[in-house]
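Dropping target-v6.cif in here (mmCIF, N, CA and C atoms):
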data_my_file
#
loop_
_atom_site.group_PDB
_atom_site.id
_atom_site.type_symbol
_atom_site.label_atom_id
_atom_site.label_comp_id
_atom_site.auth_asym_id
_atom_site.auth_seq_id
_atom_site.Cartn_x
_atom_site.Cartn_y
_atom_site.Cartn_z
ATOM 1 N N MET A 1 16.024 -17.580 -6.888
ATOM 2 C CA MET A 1 16.535 -17.395 -5.549
ATOM 3 C C MET A 1 15.570 -16.516 -4.756
ATOM 4 N N MET A 2 15.166 -16.966 -3.597
ATOM 5 C CA MET A 2 14.245 -16.222 -2.762
ATOM 6 C C MET A 2 15.041 -15.312 -1.830
ATOM 7 N N HIS A 3 14.620 -14.056 -1.753
ATOM 8 C CA HIS A 3 15.258 -13.089 -0.867
ATOM 9 C C HIS A 3 14.405 -12.908 0.378
ATOM 10 N N ARG A 4 15.069 -12.684 1.510
ATOM 11 C CA ARG A 4 14.365 -12.405 2.766
ATOM 12 C C ARG A 4 14.364 -10.909 2.990
ATOM 13 N N VAL A 5 13.189 -10.358 3.228
ATOM 14 C CA VAL A 5 13.027 -8.924 3.407
ATOM 15 C C VAL A 5 12.309 -8.659 4.725
ATOM 16 N N LEU A 6 12.815 -7.680 5.463
ATOM 17 C CA LEU A 6 12.155 -7.231 6.682
ATOM 18 C C LEU A 6 11.434 -5.925 6.369
ATOM 19 N N VAL A 7 10.126 -5.906 6.590
ATOM 20 C CA VAL A 7 9.311 -4.708 6.416
ATOM 21 C C VAL A 7 9.052 -4.144 7.808
ATOM 22 N N VAL A 8 9.393 -2.857 8.011
ATOM 23 C CA VAL A 8 9.214 -2.210 9.305
ATOM 24 C C VAL A 8 8.260 -1.035 9.128
ATOM 25 N N ASP A 9 7.090 -1.139 9.729
ATOM 26 C CA ASP A 9 6.106 -0.067 9.601
ATOM 27 C C ASP A 9 5.113 -0.163 10.739
ATOM 28 N N ASP A 10 4.796 0.969 11.363
ATOM 29 C CA ASP A 10 3.823 0.968 12.450
ATOM 30 C C ASP A 10 2.386 0.929 11.933
ATOM 31 N N ASP A 11 2.200 1.118 10.640
ATOM 32 C CA ASP A 11 0.878 0.983 10.010
ATOM 33 C C ASP A 11 0.751 -0.467 9.541
ATOM 34 N N HIS A 12 0.053 -1.269 10.334
ATOM 35 C CA HIS A 12 -0.025 -2.707 10.068
ATOM 36 C C HIS A 12 -0.574 -3.014 8.676
ATOM 37 N N ASP A 13 -1.620 -2.312 8.273
ATOM 38 C CA ASP A 13 -2.221 -2.584 6.962
ATOM 39 C C ASP A 13 -1.235 -2.315 5.825
ATOM 40 N N LEU A 14 -0.480 -1.234 5.934
ATOM 41 C CA LEU A 14 0.512 -0.921 4.907
ATOM 42 C C LEU A 14 1.632 -1.959 4.908
ATOM 43 N N ALA A 15 2.074 -2.377 6.087
ATOM 44 C CA ALA A 15 3.116 -3.387 6.180
ATOM 45 C C ALA A 15 2.666 -4.696 5.532
ATOM 46 N N VAL A 16 1.438 -5.083 5.776
ATOM 47 C CA VAL A 16 0.898 -6.306 5.175
ATOM 48 C C VAL A 16 0.828 -6.165 3.657
ATOM 49 N N LEU A 17 0.378 -4.999 3.175
ATOM 50 C CA LEU A 17 0.309 -4.770 1.737
ATOM 51 C C LEU A 17 1.701 -4.853 1.098
ATOM 52 N N LEU A 18 2.689 -4.198 1.703
ATOM 53 C CA LEU A 18 4.062 -4.287 1.179
ATOM 54 C C LEU A 18 4.540 -5.742 1.196
ATOM 55 N N GLY A 19 4.213 -6.450 2.270
ATOM 56 C CA GLY A 19 4.591 -7.856 2.363
ATOM 57 C C GLY A 19 3.963 -8.698 1.268
ATOM 58 N N GLU A 20 2.703 -8.426 0.945
ATOM 59 C CA GLU A 20 2.024 -9.179 -0.116
ATOM 60 C C GLU A 20 2.666 -8.908 -1.477
ATOM 61 N N VAL A 21 3.000 -7.650 -1.734
ATOM 62 C CA VAL A 21 3.661 -7.315 -3.006
ATOM 63 C C VAL A 21 5.003 -8.022 -3.099
ATOM 64 N N LEU A 22 5.775 -7.989 -2.020
ATOM 65 C CA LEU A 22 7.090 -8.635 -2.030
ATOM 66 C C LEU A 22 6.971 -10.152 -2.136
ATOM 67 N N THR A 23 5.979 -10.717 -1.494
ATOM 68 C CA THR A 23 5.749 -12.157 -1.594
ATOM 69 C C THR A 23 5.409 -12.535 -3.034
ATOM 70 N N TYR A 24 4.609 -11.720 -3.685
ATOM 71 C CA TYR A 24 4.268 -11.942 -5.091
ATOM 72 C C TYR A 24 5.533 -11.915 -5.955
ATOM 73 N N GLU A 25 6.514 -11.110 -5.538
ATOM 74 C CA GLU A 25 7.787 -11.016 -6.270
ATOM 75 C C GLU A 25 8.789 -12.071 -5.796
ATOM 76 N N ASN A 26 8.292 -13.104 -5.134
ATOM 77 C CA ASN A 26 9.088 -14.248 -4.705
ATOM 78 C C ASN A 26 10.075 -13.929 -3.577
ATOM 79 N N CYS A 27 9.637 -13.089 -2.635
ATOM 80 C CA CYS A 27 10.436 -12.788 -1.453
ATOM 81 C C CYS A 27 9.786 -13.423 -0.233
ATOM 82 N N GLU A 28 10.600 -13.793 0.708
ATOM 83 C CA GLU A 28 10.114 -14.224 2.013
ATOM 84 C C GLU A 28 10.111 -12.981 2.892
ATOM 85 N N VAL A 29 8.993 -12.673 3.536
ATOM 86 C CA VAL A 29 8.822 -11.405 4.231
ATOM 87 C C VAL A 29 8.510 -11.617 5.703
ATOM 88 N N ASP A 30 9.181 -10.833 6.546
ATOM 89 C CA ASP A 30 8.821 -10.713 7.953
ATOM 90 C C ASP A 30 8.421 -9.262 8.175
ATOM 91 N N ILE A 31 7.525 -9.040 9.135
ATOM 92 C CA ILE A 31 7.047 -7.699 9.430
ATOM 93 C C ILE A 31 7.369 -7.365 10.880
ATOM 94 N N ALA A 32 7.901 -6.152 11.078
ATOM 95 C CA ALA A 32 8.132 -5.616 12.417
ATOM 96 C C ALA A 32 7.306 -4.340 12.544
ATOM 97 N N ALA A 33 6.643 -4.176 13.680
ATOM 98 C CA ALA A 33 5.747 -3.038 13.878
ATOM 99 C C ALA A 33 6.465 -1.779 14.334
ATOM 100 N N ASN A 34 7.739 -1.906 14.713
ATOM 101 C CA ASN A 34 8.488 -0.737 15.174
ATOM 102 C C ASN A 34 9.987 -1.036 15.126
ATOM 103 N N GLY A 35 10.784 -0.027 15.421
ATOM 104 C CA GLY A 35 12.234 -0.174 15.345
ATOM 105 C C GLY A 35 12.806 -1.170 16.332
ATOM 106 N N MET A 36 12.247 -1.210 17.540
ATOM 107 C CA MET A 36 12.755 -2.165 18.534
ATOM 108 C C MET A 36 12.491 -3.597 18.086
ATOM 109 N N GLU A 37 11.305 -3.849 17.567
ATOM 110 C CA GLU A 37 10.980 -5.187 17.063
ATOM 111 C C GLU A 37 11.866 -5.535 15.867
ATOM 112 N N ALA A 38 12.153 -4.549 15.029
ATOM 113 C CA ALA A 38 13.029 -4.787 13.876
ATOM 114 C C ALA A 38 14.415 -5.217 14.333
ATOM 115 N N MET A 39 14.980 -4.536 15.324
ATOM 116 C CA MET A 39 16.309 -4.910 15.811
ATOM 117 C C MET A 39 16.296 -6.316 16.411
ATOM 118 N N ASP A 40 15.221 -6.673 17.116
ATOM 119 C CA ASP A 40 15.101 -8.031 17.658
ATOM 120 C C ASP A 40 15.099 -9.057 16.522
ATOM 121 N N ARG A 41 14.366 -8.780 15.460
ATOM 122 C CA ARG A 41 14.306 -9.706 14.323
ATOM 123 C C ARG A 41 15.665 -9.810 13.630
ATOM 124 N N LEU A 42 16.359 -8.694 13.512
ATOM 125 C CA LEU A 42 17.678 -8.710 12.871
ATOM 126 C C LEU A 42 18.687 -9.519 13.682
ATOM 127 N N ARG A 43 18.510 -9.559 14.982
ATOM 128 C CA ARG A 43 19.412 -10.351 15.834
ATOM 129 C C ARG A 43 19.198 -11.851 15.657
ATOM 130 N N THR A 44 17.979 -12.246 15.248
ATOM 131 C CA THR A 44 17.655 -13.670 15.206
ATOM 132 C C THR A 44 17.491 -14.237 13.800
ATOM 133 N N SER A 45 17.454 -13.366 12.792
ATOM 134 C CA SER A 45 17.254 -13.833 11.415
ATOM 135 C C SER A 45 18.157 -13.057 10.464
ATOM 136 N N ASP A 46 18.429 -13.657 9.330
ATOM 137 C CA ASP A 46 19.227 -13.006 8.290
ATOM 138 C C ASP A 46 18.298 -12.447 7.228
ATOM 139 N N TYR A 47 18.568 -11.203 6.812
ATOM 140 C CA TYR A 47 17.757 -10.546 5.791
ATOM 141 C C TYR A 47 18.638 -10.030 4.665
ATOM 142 N N ASP A 48 18.061 -10.017 3.483
ATOM 143 C CA ASP A 48 18.752 -9.477 2.313
ATOM 144 C C ASP A 48 18.476 -7.997 2.134
ATOM 145 N N ALA A 49 17.362 -7.507 2.718
ATOM 146 C CA ALA A 49 16.994 -6.103 2.579
ATOM 147 C C ALA A 49 16.005 -5.718 3.671
ATOM 148 N N VAL A 50 15.922 -4.396 3.909
ATOM 149 C CA VAL A 50 14.971 -3.851 4.876
ATOM 150 C C VAL A 50 14.202 -2.723 4.201
ATOM 151 N N LEU A 51 12.873 -2.773 4.290
ATOM 152 C CA LEU A 51 12.000 -1.674 3.864
ATOM 153 C C LEU A 51 11.441 -1.071 5.141
ATOM 154 N N CYS A 52 11.651 0.225 5.330
ATOM 155 C CA CYS A 52 11.332 0.824 6.616
ATOM 156 C C CYS A 52 10.582 2.132 6.461
ATOM 157 N N ASP A 53 9.528 2.276 7.252
ATOM 158 C CA ASP A 53 8.811 3.543 7.349
ATOM 159 C C ASP A 53 9.768 4.568 7.950
ATOM 160 N N LEU A 54 9.687 5.783 7.490
ATOM 161 C CA LEU A 54 10.561 6.836 8.009
ATOM 162 C C LEU A 54 10.029 7.409 9.315
ATOM 163 N N MET A 55 8.746 7.659 9.383
ATOM 164 C CA MET A 55 8.152 8.293 10.551
ATOM 165 C C MET A 55 7.414 7.258 11.402
ATOM 166 N N MET A 56 8.053 6.879 12.517
ATOM 167 C CA MET A 56 7.440 5.938 13.454
ATOM 168 C C MET A 56 7.643 6.478 14.864
ATOM 169 N N PRO A 57 6.761 6.130 15.787
ATOM 170 C CA PRO A 57 6.955 6.575 17.168
ATOM 171 C C PRO A 57 8.163 5.887 17.807
ATOM 172 N N ARG A 58 8.735 6.539 18.795
ATOM 173 C CA ARG A 58 9.858 6.055 19.611
ATOM 174 C C ARG A 58 11.145 5.954 18.808
ATOM 175 N N ILE A 59 11.280 4.992 17.945
ATOM 176 C CA ILE A 59 12.487 4.844 17.121
ATOM 177 C C ILE A 59 12.070 5.069 15.680
ATOM 178 N N ASP A 60 12.443 6.221 15.118
ATOM 179 C CA ASP A 60 12.047 6.485 13.730
ATOM 180 C C ASP A 60 12.983 5.765 12.765
ATOM 181 N N GLY A 61 12.656 5.832 11.498
ATOM 182 C CA GLY A 61 13.411 5.103 10.488
ATOM 183 C C GLY A 61 14.862 5.514 10.395
ATOM 184 N N GLU A 62 15.150 6.804 10.582
ATOM 185 C CA GLU A 62 16.533 7.268 10.492
ATOM 186 C C GLU A 62 17.380 6.713 11.635
ATOM 187 N N VAL A 63 16.838 6.695 12.839
ATOM 188 C CA VAL A 63 17.553 6.117 13.984
ATOM 189 C C VAL A 63 17.764 4.625 13.753
ATOM 190 N N LEU A 64 16.723 3.944 13.293
ATOM 191 C CA LEU A 64 16.854 2.513 13.012
ATOM 192 C C LEU A 64 17.926 2.270 11.959
ATOM 193 N N TYR A 65 17.926 3.070 10.893
ATOM 194 C CA TYR A 65 18.939 2.929 9.845
ATOM 195 C C TYR A 65 20.342 3.042 10.437
ATOM 196 N N ASN A 66 20.568 4.041 11.271
ATOM 197 C CA ASN A 66 21.895 4.227 11.866
ATOM 198 C C ASN A 66 22.287 3.040 12.741
ATOM 199 N N ASP A 67 21.327 2.488 13.491
ATOM 200 C CA ASP A 67 21.598 1.300 14.310
ATOM 201 C C ASP A 67 21.911 0.086 13.438
ATOM 202 N N VAL A 68 21.155 -0.068 12.365
ATOM 203 C CA VAL A 68 21.379 -1.206 11.455
ATOM 204 C C VAL A 68 22.751 -1.093 10.801
ATOM 205 N N VAL A 69 23.116 0.090 10.345
ATOM 206 C CA VAL A 69 24.421 0.278 9.703
ATOM 207 C C VAL A 69 25.549 -0.024 10.686
ATOM 208 N N ARG A 70 25.369 0.385 11.928
ATOM 209 C CA ARG A 70 26.386 0.116 12.954
ATOM 210 C C ARG A 70 26.539 -1.394 13.204
ATOM 211 N N ASP A 71 25.400 -2.090 13.344
ATOM 212 C CA ASP A 71 25.433 -3.502 13.727
ATOM 213 C C ASP A 71 25.456 -4.478 12.548
ATOM 214 N N TYR A 72 24.926 -4.061 11.403
ATOM 215 C CA TYR A 72 24.821 -4.920 10.217
ATOM 216 C C TYR A 72 25.224 -4.111 8.984
ATOM 217 N N PRO A 73 26.481 -3.736 8.877
ATOM 218 C CA PRO A 73 26.906 -2.819 7.798
ATOM 219 C C PRO A 73 26.615 -3.321 6.389
ATOM 220 N N PHE A 74 26.515 -4.615 6.197
ATOM 221 C CA PHE A 74 26.210 -5.149 4.867
ATOM 222 C C PHE A 74 24.806 -4.737 4.401
ATOM 223 N N LEU A 75 23.936 -4.314 5.326
ATOM 224 C CA LEU A 75 22.586 -3.877 4.963
ATOM 225 C C LEU A 75 22.515 -2.381 4.640
ATOM 226 N N ALA A 76 23.616 -1.666 4.749
ATOM 227 C CA ALA A 76 23.614 -0.211 4.537
ATOM 228 C C ALA A 76 23.052 0.162 3.167
ATOM 229 N N ASN A 77 23.404 -0.561 2.148
ATOM 230 C CA ASN A 77 22.927 -0.272 0.794
ATOM 231 C C ASN A 77 21.737 -1.138 0.408
ATOM 232 N N ARG A 78 21.154 -1.793 1.393
ATOM 233 C CA ARG A 78 19.980 -2.641 1.162
ATOM 234 C C ARG A 78 18.835 -2.215 2.077
ATOM 235 N N PHE A 79 18.817 -0.944 2.403
ATOM 236 C CA PHE A 79 17.846 -0.374 3.326
ATOM 237 C C PHE A 79 17.085 0.701 2.571
ATOM 238 N N LEU A 80 15.778 0.550 2.473
ATOM 239 C CA LEU A 80 14.953 1.469 1.700
ATOM 240 C C LEU A 80 13.904 2.096 2.607
ATOM 241 N N PHE A 81 13.849 3.432 2.594
ATOM 242 C CA PHE A 81 12.817 4.132 3.350
ATOM 243 C C PHE A 81 11.536 4.221 2.535
ATOM 244 N N VAL A 82 10.429 4.031 3.229
ATOM 245 C CA VAL A 82 9.107 4.163 2.634
ATOM 246 C C VAL A 82 8.344 5.135 3.526
ATOM 247 N N THR A 83 7.813 6.200 2.945
ATOM 248 C CA THR A 83 7.086 7.155 3.769
ATOM 249 C C THR A 83 6.021 7.877 2.969
ATOM 250 N N GLY A 84 4.993 8.270 3.653
ATOM 251 C CA GLY A 84 3.965 9.105 3.059
ATOM 252 C C GLY A 84 4.049 10.515 3.604
ATOM 253 N N SER A 85 5.063 10.773 4.424
ATOM 254 C CA SER A 85 5.211 12.066 5.080
ATOM 255 C C SER A 85 5.821 13.106 4.150
ATOM 256 N N ARG A 86 5.267 14.271 4.203
ATOM 257 C CA ARG A 86 5.844 15.390 3.443
ATOM 258 C C ARG A 86 7.012 16.006 4.206
ATOM 259 N N ARG A 87 7.229 15.563 5.440
ATOM 260 C CA ARG A 87 8.331 16.097 6.239
ATOM 261 C C ARG A 87 9.655 15.417 5.924
ATOM 262 N N ALA A 88 9.622 14.376 5.122
ATOM 263 C CA ALA A 88 10.870 13.693 4.758
ATOM 264 C C ALA A 88 11.745 14.655 3.986
ATOM 265 N N ARG A 89 13.016 14.603 4.257
ATOM 266 C CA ARG A 89 13.903 15.531 3.576
ATOM 267 C C ARG A 89 14.737 14.804 2.530
ATOM 268 N N PRO A 90 14.888 15.401 1.361
ATOM 269 C CA PRO A 90 15.695 14.783 0.299
ATOM 270 C C PRO A 90 17.119 14.554 0.762
ATOM 271 N N GLY A 91 17.682 13.447 0.337
ATOM 272 C CA GLY A 91 19.081 13.163 0.635
ATOM 273 C C GLY A 91 19.310 12.534 1.985
ATOM 274 N N LEU A 92 18.273 12.177 2.700
ATOM 275 C CA LEU A 92 18.432 11.559 4.004
ATOM 276 C C LEU A 92 19.339 10.350 3.914
ATOM 277 N N ALA A 93 20.310 10.295 4.779
ATOM 278 C CA ALA A 93 21.230 9.159 4.928
ATOM 279 C C ALA A 93 22.230 9.019 3.797
ATOM 280 N N THR A 94 22.239 9.899 2.835
ATOM 281 C CA THR A 94 23.196 9.750 1.744
ATOM 282 C C THR A 94 24.614 10.062 2.192
ATOM 283 N N SER A 95 24.767 10.831 3.240
ATOM 284 C CA SER A 95 26.117 11.151 3.715
ATOM 285 C C SER A 95 26.827 9.926 4.247
ATOM 286 N N SER A 96 26.085 8.917 4.691
ATOM 287 C CA SER A 96 26.707 7.691 5.191
ATOM 288 C C SER A 96 26.672 6.584 4.155
ATOM 289 N N GLY A 97 26.351 6.939 2.932
ATOM 290 C CA GLY A 97 26.341 5.938 1.870
ATOM 291 C C GLY A 97 25.026 5.214 1.748
ATOM 292 N N GLY A 98 24.041 5.619 2.501
ATOM 293 C CA GLY A 98 22.758 4.940 2.498
ATOM 294 C C GLY A 98 21.853 5.442 1.403
ATOM 295 N N PRO A 99 20.618 5.002 1.436
ATOM 296 C CA PRO A 99 19.665 5.331 0.387
ATOM 297 C C PRO A 99 19.214 6.777 0.463
ATOM 298 N N ALA A 100 18.852 7.313 -0.638
ATOM 299 C CA ALA A 100 18.329 8.675 -0.679
ATOM 300 C C ALA A 100 16.813 8.640 -0.802
ATOM 301 N N ILE A 101 16.181 9.657 -0.304
ATOM 302 C CA ILE A 101 14.748 9.820 -0.487
ATOM 303 C C ILE A 101 14.571 10.942 -1.480
ATOM 304 N N ASN A 102 13.871 10.698 -2.533
ATOM 305 C CA ASN A 102 13.644 11.731 -3.544
ATOM 306 C C ASN A 102 12.194 12.094 -3.623
#

Written form, structure tokens:
Amino acid sequence: MMHRVLVVDDDHDLAVLLGEVLTYENCEVDIAANGMEAMDRLRTSDYDAVLCDLMMPRIDGEVLYNDVVRDYPFLANRFLFVTGSRRARPGLATSSGGPAIN
């Protein structure tokens, strides 16, 4: 069974790399360069999971997560943050049942 995954990252090269890894694992991947583009894609396509950068300009990953949970609650436990930032705080989004960053 092929899963559809939305990768959201403002670093295009990293998004492509994540997409290639997921494609190798038999996933169909779409890439969004920012939170606004991600919400547009979610309105027009169905996804099984979202991989999202935490630190992005304008709409960061935490804001996007809250919007996704509000509009697509079935994705709440299928949303994974990916970040290279040391500013990420442990336990982000766990209060709403979402994924934790460790």

Could you list the residues chosen by the PyMOL selection byres ((chain A and resi 31) around 6) in this structure as a list in words?
->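 So the PyMOL selection byres ((chain A and resi 31) around 6) ends up selecting Leu6, Val7, Val8, Val29, Asp30, Ala32 and Ala33 of chain A.
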
Determine the residue set returned by the PyMOL selection byres (((chain A and resi 34-47 and name CA) around 9) and name CA) for the present structure, and present it as a ChimeraX atom specification.
-> /A:3-10,30-33,48-50,52-53,56-61,63-64,67-68,72,75

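Separating atom N of Tyr65 of chain A from atom N of Met1 of chain A is a distance of 27.3 Å.
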
Distance atom CA of Thr83 of chain A-atom CA of Met55 of chain A, one decimal place?
-> 7.0 Å

Among the residues of chain A, find those DSSP assigns to alpha helix (DSSP H) from the backbone and print them as JSON, numbers by chain.
-> {"A": [12, 13, 14, 15, 16, 17, 18, 19, 20, 21, 22, 23, 24, 35, 36, 37, 38, 39, 40, 41, 42, 43, 44, 61, 62, 63, 64, 65, 66, 67, 68, 69, 70, 71]}

Which distance in Å separates atom N of Gly84 of chain A and atom CA of Leu54 of chain A, to one decimal?
->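 Atom-to-atom, atom N of Gly84 of chain A and atom CA of Leu54 of chain A are spaced 7.2 Å apart.
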
DSSP-assigned strand (DSSP E) members of segment 13-53 of chain A, reported as a short mmCIF file (atom, residue, chain, number, x, y, z; two decimals) with N, CA and C atoms, in the coordinates of the input:
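For reference, selection.cif as written:
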data_model
loop_
_atom_site.label_atom_id
_atom_site.label_comp_id
_atom_site.auth_asym_id
_atom_site.auth_seq_id
_atom_site.Cartn_x
_atom_site.Cartn_y
_atom_site.Cartn_z
N CYS A 27 9.64 -13.09 -2.64
CA CYS A 27 10.44 -12.79 -1.45
C CYS A 27 9.79 -13.42 -0.23
N GLU A 28 10.60 -13.79 0.71
CA GLU A 28 10.11 -14.22 2.01
C GLU A 28 10.11 -12.98 2.89
N VAL A 29 8.99 -12.67 3.54
CA VAL A 29 8.82 -11.40 4.23
C VAL A 29 8.51 -11.62 5.70
N ASP A 30 9.18 -10.83 6.55
CA ASP A 30 8.82 -10.71 7.95
C ASP A 30 8.42 -9.26 8.18
N ILE A 31 7.52 -9.04 9.14
CA ILE A 31 7.05 -7.70 9.43
C ILE A 31 7.37 -7.36 10.88
N ALA A 32 7.90 -6.15 11.08
CA ALA A 32 8.13 -5.62 12.42
C ALA A 32 7.31 -4.34 12.54
N ALA A 49 17.36 -7.51 2.72
CA ALA A 49 16.99 -6.10 2.58
C ALA A 49 16.00 -5.72 3.67
N VAL A 50 15.92 -4.40 3.91
CA VAL A 50 14.97 -3.85 4.88
C VAL A 50 14.20 -2.72 4.20
N LEU A 51 12.87 -2.77 4.29
CA LEU A 51 12.00 -1.67 3.86
C LEU A 51 11.44 -1.07 5.14
N CYS A 52 11.65 0.22 5.33
CA CYS A 52 11.33 0.82 6.62
C CYS A 52 10.58 2.13 6.46
N ASP A 53 9.53 2.28 7.25
CA ASP A 53 8.81 3.54 7.35
C ASP A 53 9.77 4.57 7.95
#

Edge lengths and centre in Å to one decimal, as JSON, of the axis-aligned box that encloses all listed atoms of segment 50-59 of chain A with 8 Å added on every side?
{"center_x": 11.3, "center_y": 1.9, "center_z": 11.7, "size_x": 25.2, "size_y": 28.7, "size_z": 31.7}
